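See below for the structure under consideration.
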Amino acid sequence: MRFCVLLLFTWLLLLSSAAPMWESPVFVHGEQSGDQFGQAITTVDFNADGYQDLAVAAPAADLAGLSSGTVYLYYGGPVADTIADLRLVGQASSFFGQALAPAGDFNDDGYPDLLVGAPFYDTPATSAGAVFLFYGGPTPDTAVDHIFTGEAGGDYLGIAVAGIGDFNADGFDDIAAGAYRSDWGAFENAGKTYIYYGGSPPDFSADHVLVGEADGERFGYALAAGEIDTSPGYDLAVGAYSYDDTVLNQGRIYLFSGGSSADSLADLTITGSGAGEKYGWSLATGVLNRDSWADLIMGSDGISVDTFATGQMLVFYGGASLDTQSDDQYWLNRPENDYLGYSVTSGFDISGDCCDDILVGMPGNDDKATDAGGAVLLRGDTVIAVDTTVYGDDMLEEAGSAVGGWPHYKSAPAFAIGAPAYNGFQGRLMIFRGEATSVNQPPQLTVPADTSIDVGHVLLFDVTATDPDGTVPALDAAD
């Protein structure tokens, strides 16, 4: 059989990295009872060596006073280990580390930065809250570079933090922080979200203050950003899980489009339909369906089966077709208090299939023990599919309260599950590393002797291609 020369190389399309098998977990424990180690997880290349580093929070740790909080940084790379390379410590009673996020390159020095939320920070008033900004670099230190503080007591600024990319399309990375119990006008606990533009240097003032629409909405409890719609900048999704329209706690997600003319008005709202659905409880973004737009991912631990908080994860595809209808979903659809969707994260491809994956926590799962919890790793694609499900194994540890991907743990992809209630709230982390897997080998090409024919400027010859992995059929081709 004879084919065009270009088709001879179609075997390239068949090469792919096999999805990894997952090793037994490595456990990392909090230092003291009550630390709540594993309450928050994120990754950032904090030491600027080209490898993603893992940040894990213990917001109730007491190193600098009661519930001062500690964030542990574990550098990624070929020799990554579970000994903390840096410890960042908050102030007494601040619950420093309740939220974590990469900040992008906020100060435009060429290095990634880190955001740490401390929602119980007491300056200028009790529980006004704060966000701590740490600049990364080749020799990072533990000194905070700037503190953003809440406006009033009880605002709880820092309950959620996010690097939001270049939101205003000016060439600098921007950040956002939620103050979900903030009051404004006549509305109590409506919530606010602050956007701070990066720069060289940044001025640290709030450039936009986004607000909830009604009493008790809890606007700003969750944040996520990415190129979700077709506007020129990154876009910001804000969760308001306690929003009420026709019934209690339907929840709502507000989407704010970025760009040079970005404003404080929501461009799209997605609202739950039933009582207790808590839309906007947890949020993430990832490129799931191969179209280059960021897709919006929402976890709702309140979506129920019968009277049980089963929970659910929903996906809204980004791009020109973005609307209020979910495009994909995952749930266990059973009468159990799994609380699936309590935490979600994405933006990494640890299954090796060229699409971002989704990690969903379910801290109420009882499959191994009462409230031992667990998490589900879902492979992104035009249809999401389960890669693996992992479980906590200790009663009441609530594994899956926080989840995170770690692409560079000992030169292999990994993901991490936080169990902050483990052993009297000492807390622990479970790290699942991908086993080494081989990449499909290219076909072995054989050209039989004395089969070439010169016809003008075209050389014809027979080629036989056989696949050494045995995963694709052999090809016979000639040019």
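Ligands are numbered from 1 in the order shown, residues from 1 within each chain, and chains are lettered A, B, ... in the order they appear in the structure tokens.
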Quick one: which region 26-115 of chain A residues come within 8 Å of region 201-224 of chain A, and what is the nearest atom pair for each with the distance in Å to one decimal, counting only C-alpha atoms, rows ordered by chain and ascending number, as CSV?
residue,atom,partner,partner_atom,distance
A:Phe106,CA,A:Pro202,CA,7.4
A:Asn107,CA,A:Pro201,CA,5.5
A:Asp108,CA,A:Pro201,CA,7.2
Write out as a PDB file with N, CA and C atoms, in the first residue's frame the set of residues from region 63-129 of chain A that DSSP, computed on the backbone, places in strand (DSSP E or B).
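Listed below is the output, out_34.pdb:
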ATOM      1  N   LEU A  63       3.394  29.043  66.880  1.00  0.00           N
ATOM      2  CA  LEU A  63       4.811  29.387  66.972  1.00  0.00           C
ATOM      3  C   LEU A  63       5.056  30.827  67.409  1.00  0.00           C
ATOM      4  N   GLY A  65       2.574  32.748  69.023  1.00  0.00           N
ATOM      5  CA  GLY A  65       1.406  33.066  69.817  1.00  0.00           C
ATOM      6  C   GLY A  65       0.241  32.196  69.398  1.00  0.00           C
ATOM      7  N   THR A  70       1.284  29.012  60.609  1.00  0.00           N
ATOM      8  CA  THR A  70       2.559  28.775  59.940  1.00  0.00           C
ATOM      9  C   THR A  70       2.301  28.224  58.545  1.00  0.00           C
ATOM     10  N   VAL A  71       3.096  28.680  57.586  1.00  0.00           N
ATOM     11  CA  VAL A  71       3.069  28.136  56.227  1.00  0.00           C
ATOM     12  C   VAL A  71       4.422  27.497  55.948  1.00  0.00           C
ATOM     13  N   TYR A  72       4.381  26.248  55.513  1.00  0.00           N
ATOM     14  CA  TYR A  72       5.591  25.478  55.239  1.00  0.00           C
ATOM     15  C   TYR A  72       5.795  25.399  53.730  1.00  0.00           C
ATOM     16  N   LEU A  73       7.020  25.648  53.296  1.00  0.00           N
ATOM     17  CA  LEU A  73       7.360  25.563  51.879  1.00  0.00           C
ATOM     18  C   LEU A  73       8.329  24.417  51.654  1.00  0.00           C
ATOM     19  N   TYR A  74       7.972  23.547  50.698  1.00  0.00           N
ATOM     20  CA  TYR A  74       8.781  22.394  50.324  1.00  0.00           C
ATOM     21  C   TYR A  74       9.205  22.589  48.872  1.00  0.00           C
ATOM     22  N   GLY A  77      11.463  19.555  42.696  1.00  0.00           N
ATOM     23  CA  GLY A  77      12.623  19.222  41.879  1.00  0.00           C
ATOM     24  C   GLY A  77      13.017  17.770  42.012  1.00  0.00           C
ATOM     25  N   LEU A  86      11.365  26.341  54.082  1.00  0.00           N
ATOM     26  CA  LEU A  86      11.088  27.632  54.693  1.00  0.00           C
ATOM     27  C   LEU A  86       9.846  27.515  55.560  1.00  0.00           C
ATOM     28  N   ARG A  87       9.829  28.318  56.645  1.00  0.00           N
ATOM     29  CA  ARG A  87       8.633  28.465  57.466  1.00  0.00           C
ATOM     30  C   ARG A  87       8.267  29.941  57.527  1.00  0.00           C
ATOM     31  N   LEU A  88       7.054  30.257  57.115  1.00  0.00           N
ATOM     32  CA  LEU A  88       6.536  31.616  57.229  1.00  0.00           C
ATOM     33  C   LEU A  88       5.574  31.635  58.413  1.00  0.00           C
ATOM     34  N   VAL A  89       5.706  32.607  59.295  1.00  0.00           N
ATOM     35  CA  VAL A  89       4.941  32.613  60.540  1.00  0.00           C
ATOM     36  C   VAL A  89       4.138  33.902  60.654  1.00  0.00           C
ATOM     37  N   ALA A  99      -5.786  30.730  53.872  1.00  0.00           N
ATOM     38  CA  ALA A  99      -5.876  30.669  52.414  1.00  0.00           C
ATOM     39  C   ALA A  99      -4.485  30.905  51.837  1.00  0.00           C
ATOM     40  N   LEU A 100      -4.203  30.240  50.719  1.00  0.00           N
ATOM     41  CA  LEU A 100      -2.915  30.357  50.033  1.00  0.00           C
ATOM     42  C   LEU A 100      -3.157  30.464  48.529  1.00  0.00           C
ATOM     43  N   ALA A 101      -2.283  31.182  47.845  1.00  0.00           N
ATOM     44  CA  ALA A 101      -2.366  31.238  46.380  1.00  0.00           C
ATOM     45  C   ALA A 101      -1.073  31.813  45.817  1.00  0.00           C
ATOM     46  N   PRO A 102      -0.683  31.382  44.610  1.00  0.00           N
ATOM     47  CA  PRO A 102       0.403  32.067  43.918  1.00  0.00           C
ATOM     48  C   PRO A 102      -0.065  33.444  43.484  1.00  0.00           C
ATOM     49  N   ALA A 103       0.849  34.431  43.531  1.00  0.00           N
ATOM     50  CA  ALA A 103       0.487  35.807  43.206  1.00  0.00           C
ATOM     51  C   ALA A 103       0.933  36.222  41.825  1.00  0.00           C
ATOM     52  N   GLY A 104       1.507  35.292  41.035  1.00  0.00           N
ATOM     53  CA  GLY A 104       2.134  35.720  39.801  1.00  0.00           C
ATOM     54  C   GLY A 104       3.367  36.550  40.130  1.00  0.00           C
ATOM     55  N   ASP A 113       5.549  35.176  43.157  1.00  0.00           N
ATOM     56  CA  ASP A 113       5.310  35.614  44.530  1.00  0.00           C
ATOM     57  C   ASP A 113       4.194  34.769  45.158  1.00  0.00           C
ATOM     58  N   LEU A 114       4.019  34.917  46.473  1.00  0.00           N
ATOM     59  CA  LEU A 114       3.089  34.088  47.227  1.00  0.00           C
ATOM     60  C   LEU A 114       2.163  34.961  48.068  1.00  0.00           C
ATOM     61  N   LEU A 115       0.867  34.581  48.094  1.00  0.00           N
ATOM     62  CA  LEU A 115      -0.136  35.231  48.927  1.00  0.00           C
ATOM     63  C   LEU A 115      -0.547  34.317  50.069  1.00  0.00           C
ATOM     64  N   VAL A 116      -0.660  34.900  51.271  1.00  0.00           N
ATOM     65  CA  VAL A 116      -1.116  34.150  52.442  1.00  0.00           C
ATOM     66  C   VAL A 116      -2.236  34.937  53.100  1.00  0.00           C
ATOM     67  N   GLY A 117      -3.392  34.322  53.269  1.00  0.00           N
ATOM     68  CA  GLY A 117      -4.518  34.957  53.928  1.00  0.00           C
ATOM     69  C   GLY A 117      -4.506  34.717  55.421  1.00  0.00           C
ATOM     70  N   ALA A 118      -4.817  35.771  56.185  1.00  0.00           N
ATOM     71  CA  ALA A 118      -4.904  35.689  57.651  1.00  0.00           C
ATOM     72  C   ALA A 118      -6.191  36.393  58.070  1.00  0.00           C
ATOM     73  N   GLY A 129      -8.847  41.213  59.329  1.00  0.00           N
ATOM     74  CA  GLY A 129      -8.232  40.319  58.353  1.00  0.00           C
ATOM     75  C   GLY A 129      -7.101  40.985  57.596  1.00  0.00           C
TER      76      GLY A 129
END
Q: Tell me which protein, DNA and RNA residues are within 10 Å of Ile253 (chain A), counting only C-alpha atoms, leaving out same-chain ones fewer than 5 positions away, and put them as a list of chain:residue names.
A: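 Contacts, with the query itself left out: A:Phe219, A:Gly220, A:Ala222, A:Leu223, A:Ala237, A:Val238, A:Gly239, A:Ala240, A:Tyr241, A:Tyr243, A:Ala266, A:Leu268, A:Thr269, A:Ile270, A:Thr271, A:Gly272, A:Lys278, A:Tyr279, A:Gly280, A:Trp281, A:Ser282, A:Leu283, A:Met298, A:Thr324.
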Serialized selection, N, CA and C atoms, as a PDB file, in the first residue's frame:
ATOM      1  N   PHE A 219     -20.165  37.176  49.793  1.00  0.00           N
ATOM      2  CA  PHE A 219     -19.461  37.423  48.538  1.00  0.00           C
ATOM      3  C   PHE A 219     -17.960  37.527  48.825  1.00  0.00           C
ATOM      4  N   GLY A 220     -17.155  36.770  48.091  1.00  0.00           N
ATOM      5  CA  GLY A 220     -15.710  36.778  48.297  1.00  0.00           C
ATOM      6  C   GLY A 220     -15.186  35.592  49.057  1.00  0.00           C
ATOM      7  N   ALA A 222     -14.842  32.576  47.948  1.00  0.00           N
ATOM      8  CA  ALA A 222     -13.978  31.806  47.049  1.00  0.00           C
ATOM      9  C   ALA A 222     -13.661  32.651  45.828  1.00  0.00           C
ATOM     10  N   LEU A 223     -12.452  32.454  45.284  1.00  0.00           N
ATOM     11  CA  LEU A 223     -11.994  33.207  44.124  1.00  0.00           C
ATOM     12  C   LEU A 223     -11.274  32.288  43.154  1.00  0.00           C
ATOM     13  N   ALA A 237     -13.611  35.095  38.877  1.00  0.00           N
ATOM     14  CA  ALA A 237     -14.859  34.512  39.383  1.00  0.00           C
ATOM     15  C   ALA A 237     -14.869  34.652  40.902  1.00  0.00           C
ATOM     16  N   VAL A 238     -15.994  35.123  41.430  1.00  0.00           N
ATOM     17  CA  VAL A 238     -16.149  35.334  42.872  1.00  0.00           C
ATOM     18  C   VAL A 238     -17.338  34.523  43.358  1.00  0.00           C
ATOM     19  N   GLY A 239     -17.122  33.758  44.420  1.00  0.00           N
ATOM     20  CA  GLY A 239     -18.190  32.939  44.977  1.00  0.00           C
ATOM     21  C   GLY A 239     -18.909  33.625  46.120  1.00  0.00           C
ATOM     22  N   ALA A 240     -20.239  33.464  46.142  1.00  0.00           N
ATOM     23  CA  ALA A 240     -21.085  33.987  47.215  1.00  0.00           C
ATOM     24  C   ALA A 240     -22.031  32.863  47.608  1.00  0.00           C
ATOM     25  N   TYR A 241     -21.526  31.932  48.426  1.00  0.00           N
ATOM     26  CA  TYR A 241     -22.240  30.676  48.646  1.00  0.00           C
ATOM     27  C   TYR A 241     -23.548  30.843  49.401  1.00  0.00           C
ATOM     28  N   TYR A 243     -25.788  33.305  48.950  1.00  0.00           N
ATOM     29  CA  TYR A 243     -26.747  34.134  48.219  1.00  0.00           C
ATOM     30  C   TYR A 243     -28.131  33.476  48.232  1.00  0.00           C
ATOM     31  N   ALA A 266     -20.497  42.967  37.511  1.00  0.00           N
ATOM     32  CA  ALA A 266     -20.439  41.572  37.071  1.00  0.00           C
ATOM     33  C   ALA A 266     -20.942  41.451  35.639  1.00  0.00           C
ATOM     34  N   LEU A 268     -21.445  38.292  34.237  1.00  0.00           N
ATOM     35  CA  LEU A 268     -22.244  37.067  34.177  1.00  0.00           C
ATOM     36  C   LEU A 268     -22.456  36.587  35.599  1.00  0.00           C
ATOM     37  N   THR A 269     -23.636  36.070  35.898  1.00  0.00           N
ATOM     38  CA  THR A 269     -23.898  35.436  37.190  1.00  0.00           C
ATOM     39  C   THR A 269     -24.464  34.042  36.964  1.00  0.00           C
ATOM     40  N   ILE A 270     -24.015  33.110  37.787  1.00  0.00           N
ATOM     41  CA  ILE A 270     -24.476  31.721  37.730  1.00  0.00           C
ATOM     42  C   ILE A 270     -25.029  31.388  39.102  1.00  0.00           C
ATOM     43  N   THR A 271     -26.299  31.048  39.175  1.00  0.00           N
ATOM     44  CA  THR A 271     -27.003  30.914  40.448  1.00  0.00           C
ATOM     45  C   THR A 271     -27.515  29.494  40.637  1.00  0.00           C
ATOM     46  N   GLY A 272     -27.374  28.992  41.846  1.00  0.00           N
ATOM     47  CA  GLY A 272     -27.954  27.692  42.171  1.00  0.00           C
ATOM     48  C   GLY A 272     -29.459  27.732  42.109  1.00  0.00           C
ATOM     49  N   LYS A 278     -25.426  26.147  47.533  1.00  0.00           N
ATOM     50  CA  LYS A 278     -24.183  26.842  47.864  1.00  0.00           C
ATOM     51  C   LYS A 278     -23.264  26.994  46.654  1.00  0.00           C
ATOM     52  N   TYR A 279     -23.814  27.440  45.536  1.00  0.00           N
ATOM     53  CA  TYR A 279     -22.976  27.750  44.382  1.00  0.00           C
ATOM     54  C   TYR A 279     -21.917  28.782  44.797  1.00  0.00           C
ATOM     55  N   GLY A 280     -20.692  28.537  44.387  1.00  0.00           N
ATOM     56  CA  GLY A 280     -19.611  29.437  44.725  1.00  0.00           C
ATOM     57  C   GLY A 280     -18.859  29.081  45.984  1.00  0.00           C
ATOM     58  N   TRP A 281     -19.144  27.914  46.555  1.00  0.00           N
ATOM     59  CA  TRP A 281     -18.439  27.490  47.785  1.00  0.00           C
ATOM     60  C   TRP A 281     -16.940  27.320  47.531  1.00  0.00           C
ATOM     61  N   SER A 282     -16.581  26.623  46.460  1.00  0.00           N
ATOM     62  CA  SER A 282     -15.178  26.482  46.081  1.00  0.00           C
ATOM     63  C   SER A 282     -15.063  26.652  44.570  1.00  0.00           C
ATOM     64  N   LEU A 283     -13.971  27.273  44.123  1.00  0.00           N
ATOM     65  CA  LEU A 283     -13.799  27.616  42.716  1.00  0.00           C
ATOM     66  C   LEU A 283     -12.378  27.328  42.248  1.00  0.00           C
ATOM     67  N   MET A 298     -16.545  24.534  39.705  1.00  0.00           N
ATOM     68  CA  MET A 298     -17.160  24.869  40.981  1.00  0.00           C
ATOM     69  C   MET A 298     -17.415  23.616  41.791  1.00  0.00           C
ATOM     70  N   THR A 324     -24.606  30.098  31.540  1.00  0.00           N
ATOM     71  CA  THR A 324     -24.918  29.743  32.929  1.00  0.00           C
ATOM     72  C   THR A 324     -25.231  28.260  33.112  1.00  0.00           C
TER      73      THR A 324
END
Q: One decimal, Å: what's the distance from CA of Ala186 (chain A) over to CA of Tyr121 (chain A), could you say?
A: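 Taking CA of Ala186 (chain A) as the start and CA of Tyr121 (chain A) as the end point, the length is 24.6 Å.
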(Q) Quick one: residues within 8 Å of Tyr330 (chain A), only C-alpha atoms, excluding same-chain residues fewer than 2 positions away - as a list in words? (A) Gln312, Met313, Leu314, Asp328 and Leu332 of chain A
Q. With distances taken over only C-alpha atoms, which of A:Ser351, A:Thr285, A:Ser411, A:Ser321 is nearest to Val386 (chain A)?
A.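 Of the candidates, the smallest distance to Val386 (chain A) is held by A:Ser351.
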Q) Which is closest to Pro124 (chain A) among A:Asp155, A:Val144, A:Phe27, A:Pro138, if we use only C-alpha atoms? A)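 Between A:Asp155, A:Val144, A:Phe27, A:Pro138, the residue approaching Pro124 (chain A) most closely is A:Asp155.
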(Q) I want to know what sits within 10 Å of Phe432 (chain A), based on only C-alpha atoms, with residues of the same chain fewer than 6 positions away left out; could you give that as a ChimeraX atom specification? (A) /A:21-27,390,405-406,409,413-417
Go ahead and dump the residues you just picked, N, CA and C atoms, as a short mmCIF file (atom, residue, chain, number, x, y, z; two decimals), in the first residue's frame.
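Saved the output as again_39.cif:
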data_model
loop_
_atom_site.label_atom_id
_atom_site.label_comp_id
_atom_site.auth_asym_id
_atom_site.auth_seq_id
_atom_site.Cartn_x
_atom_site.Cartn_y
_atom_site.Cartn_z
N MET A 21 0.58 5.61 37.20
CA MET A 21 0.02 4.88 38.33
C MET A 21 0.50 5.60 39.58
N TRP A 22 -0.26 5.54 40.65
CA TRP A 22 0.05 6.32 41.83
C TRP A 22 0.63 5.46 42.93
N GLU A 23 1.74 5.92 43.48
CA GLU A 23 2.39 5.20 44.56
C GLU A 23 1.60 5.35 45.85
N SER A 24 1.91 4.52 46.84
CA SER A 24 1.31 4.69 48.16
C SER A 24 1.70 6.05 48.72
N PRO A 25 0.83 6.66 49.50
CA PRO A 25 1.09 8.04 49.91
C PRO A 25 2.28 8.19 50.85
N VAL A 26 2.91 9.35 50.73
CA VAL A 26 3.89 9.80 51.72
C VAL A 26 3.14 10.72 52.68
N PHE A 27 3.34 10.53 53.98
CA PHE A 27 2.62 11.32 54.99
C PHE A 27 3.54 12.38 55.58
N VAL A 390 -8.77 8.43 46.07
CA VAL A 390 -7.98 8.10 47.25
C VAL A 390 -8.79 8.45 48.49
N GLY A 405 -2.29 20.06 43.40
CA GLY A 405 -1.40 19.33 42.51
C GLY A 405 0.03 19.78 42.73
N TRP A 406 1.00 18.86 42.59
CA TRP A 406 2.41 19.20 42.73
C TRP A 406 3.15 18.59 41.55
N TYR A 409 7.44 16.85 42.07
CA TYR A 409 7.87 16.15 43.27
C TYR A 409 8.76 14.97 42.86
N PRO A 413 5.00 13.75 38.54
CA PRO A 413 3.79 14.46 38.97
C PRO A 413 3.27 13.88 40.27
N ALA A 414 2.64 14.72 41.06
CA ALA A 414 2.09 14.28 42.34
C ALA A 414 0.89 15.15 42.67
N PHE A 415 0.08 14.68 43.60
CA PHE A 415 -0.97 15.52 44.15
C PHE A 415 -1.02 15.31 45.65
N ALA A 416 -1.57 16.31 46.34
CA ALA A 416 -1.56 16.31 47.80
C ALA A 416 -2.96 16.52 48.34
N ILE A 417 -3.24 15.83 49.45
CA ILE A 417 -4.54 15.88 50.11
C ILE A 417 -4.32 16.31 51.55
#
Q | Which residue of A:Gly226, A:Gly50, A:Gly251, A:Gly434 approaches Gly165 (chain A) most closely, using only C-alpha atoms | A |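 Closest residue, counting only C-alpha atoms: A:Gly226.
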(Q) Ranking A:Tyr194, A:Tyr111, A:Trp293, A:Phe167 by minimum distance to Leu236 (chain A) and counting only C-alpha atoms, which one comes first? (A) A:Phe167
Within 12 Å of Pro20 (chain A), counting only C-alpha atoms, which residues qualify if same-chain residues fewer than 5 places away don't, as a compact mmCIF listing (two decimals) with N, CA, C and O atoms, in the first residue's frame?
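The resulting file, selection_27.txt, is shown below:
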# COMPACT_ATOMS: atom_id res chain seq x y z
N ASP A 349 -1.54 19.48 34.72
CA ASP A 349 -1.77 18.22 34.00
C ASP A 349 -0.86 17.16 34.60
O ASP A 349 0.27 16.96 34.16
N ILE A 350 -1.33 16.50 35.64
CA ILE A 350 -0.49 15.48 36.28
C ILE A 350 -0.81 14.07 35.78
O ILE A 350 -0.09 13.14 36.10
N SER A 351 -1.88 13.95 34.98
CA SER A 351 -2.18 12.63 34.41
C SER A 351 -1.47 12.45 33.07
O SER A 351 -1.46 11.36 32.51
N GLY A 352 -0.87 13.53 32.52
CA GLY A 352 -0.05 13.42 31.33
C GLY A 352 -0.83 13.26 30.03
O GLY A 352 -0.32 12.68 29.08
N ASP A 353 -2.05 13.82 29.96
CA ASP A 353 -2.86 13.65 28.74
C ASP A 353 -3.06 14.96 27.99
O ASP A 353 -3.91 15.06 27.12
N LEU A 377 -9.36 12.37 41.66
CA LEU A 377 -8.60 13.00 40.59
C LEU A 377 -9.31 12.70 39.28
O LEU A 377 -9.51 11.53 38.91
N ARG A 379 -9.47 13.36 35.09
CA ARG A 379 -8.72 13.77 33.91
C ARG A 379 -9.58 14.71 33.07
O ARG A 379 -10.71 14.39 32.72
N ASP A 387 -9.60 9.44 37.11
CA ASP A 387 -8.28 8.82 37.04
C ASP A 387 -8.07 7.91 38.24
O ASP A 387 -7.73 6.75 38.10
N THR A 388 -8.27 8.46 39.44
CA THR A 388 -8.12 7.66 40.64
C THR A 388 -8.89 8.30 41.78
O THR A 388 -9.17 9.50 41.77
N ALA A 412 8.55 13.75 39.22
CA ALA A 412 7.33 13.05 38.82
C ALA A 412 6.13 13.89 39.24
O ALA A 412 6.22 14.68 40.17
N PRO A 413 5.00 13.75 38.54
CA PRO A 413 3.79 14.46 38.97
C PRO A 413 3.27 13.88 40.27
O PRO A 413 3.44 12.69 40.56
N ALA A 414 2.64 14.72 41.06
CA ALA A 414 2.09 14.28 42.34
C ALA A 414 0.89 15.15 42.67
O ALA A 414 0.69 16.22 42.09
N PHE A 415 0.08 14.68 43.60
CA PHE A 415 -0.97 15.52 44.15
C PHE A 415 -1.02 15.31 45.65
O PHE A 415 -0.55 14.30 46.18
N PHE A 432 0.63 11.83 46.94
CA PHE A 432 0.56 10.69 46.04
C PHE A 432 1.42 11.00 44.81
O PHE A 432 1.11 11.91 44.05
N ARG A 433 2.48 10.25 44.64
CA ARG A 433 3.43 10.48 43.54
C ARG A 433 3.16 9.50 42.42
O ARG A 433 2.90 8.32 42.65
N GLY A 434 3.25 9.98 41.18
CA GLY A 434 3.09 9.10 40.04
C GLY A 434 4.29 8.17 39.88
O GLY A 434 5.44 8.61 39.99
N GLU A 435 4.03 6.90 39.64
CA GLU A 435 5.11 5.96 39.38
C GLU A 435 5.72 6.26 38.02
O GLU A 435 5.07 6.77 37.12
N ALA A 436 7.00 5.93 37.86
CA ALA A 436 7.66 6.12 36.57
C ALA A 436 6.99 5.26 35.52
O ALA A 436 6.79 4.06 35.70
N THR A 437 6.60 5.89 34.42
CA THR A 437 5.99 5.16 33.32
C THR A 437 6.72 5.51 32.04
O THR A 437 7.22 6.61 31.87
N SER A 438 6.78 4.58 31.14
CA SER A 438 7.51 4.80 29.90
C SER A 438 6.63 5.49 28.87
O SER A 438 5.42 5.34 28.87
N VAL A 439 7.27 6.27 28.02
CA VAL A 439 6.58 6.89 26.90
C VAL A 439 6.54 5.90 25.75
O VAL A 439 7.49 5.16 25.52
Q: List the neighbours of region 392-402 of chain A out to 9 Å using only C-alpha atoms; skip same-chain residues closer than 4 positions along the sequence, and give me the result as JSON, numbers by chain.
A: {"A": [38, 39, 40, 41, 340, 342, 343, 344, 345, 360, 361, 362, 363, 364, 365, 366, 367, 368, 369, 370, 371, 372, 373, 374, 375, 376, 416, 417, 418, 419, 420, 421, 422, 423, 424, 425, 427, 428, 429, 430]}
Q: Report the distance between CA of Asp235 (chain A) and CA of Ser94 (chain A) in Å, rounded to one decimal place.
A: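 Separation between CA of Asp235 (chain A) and CA of Ser94 (chain A): 29.5 Å.
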Q. From the list A:Asp338, A:Asp170, A:Asp327, A:Asp85, which residue is nearest Thr310 (chain A) when using only C-alpha atoms?
A.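 Selected residue with least distance to Thr310 (chain A): A:Asp338.
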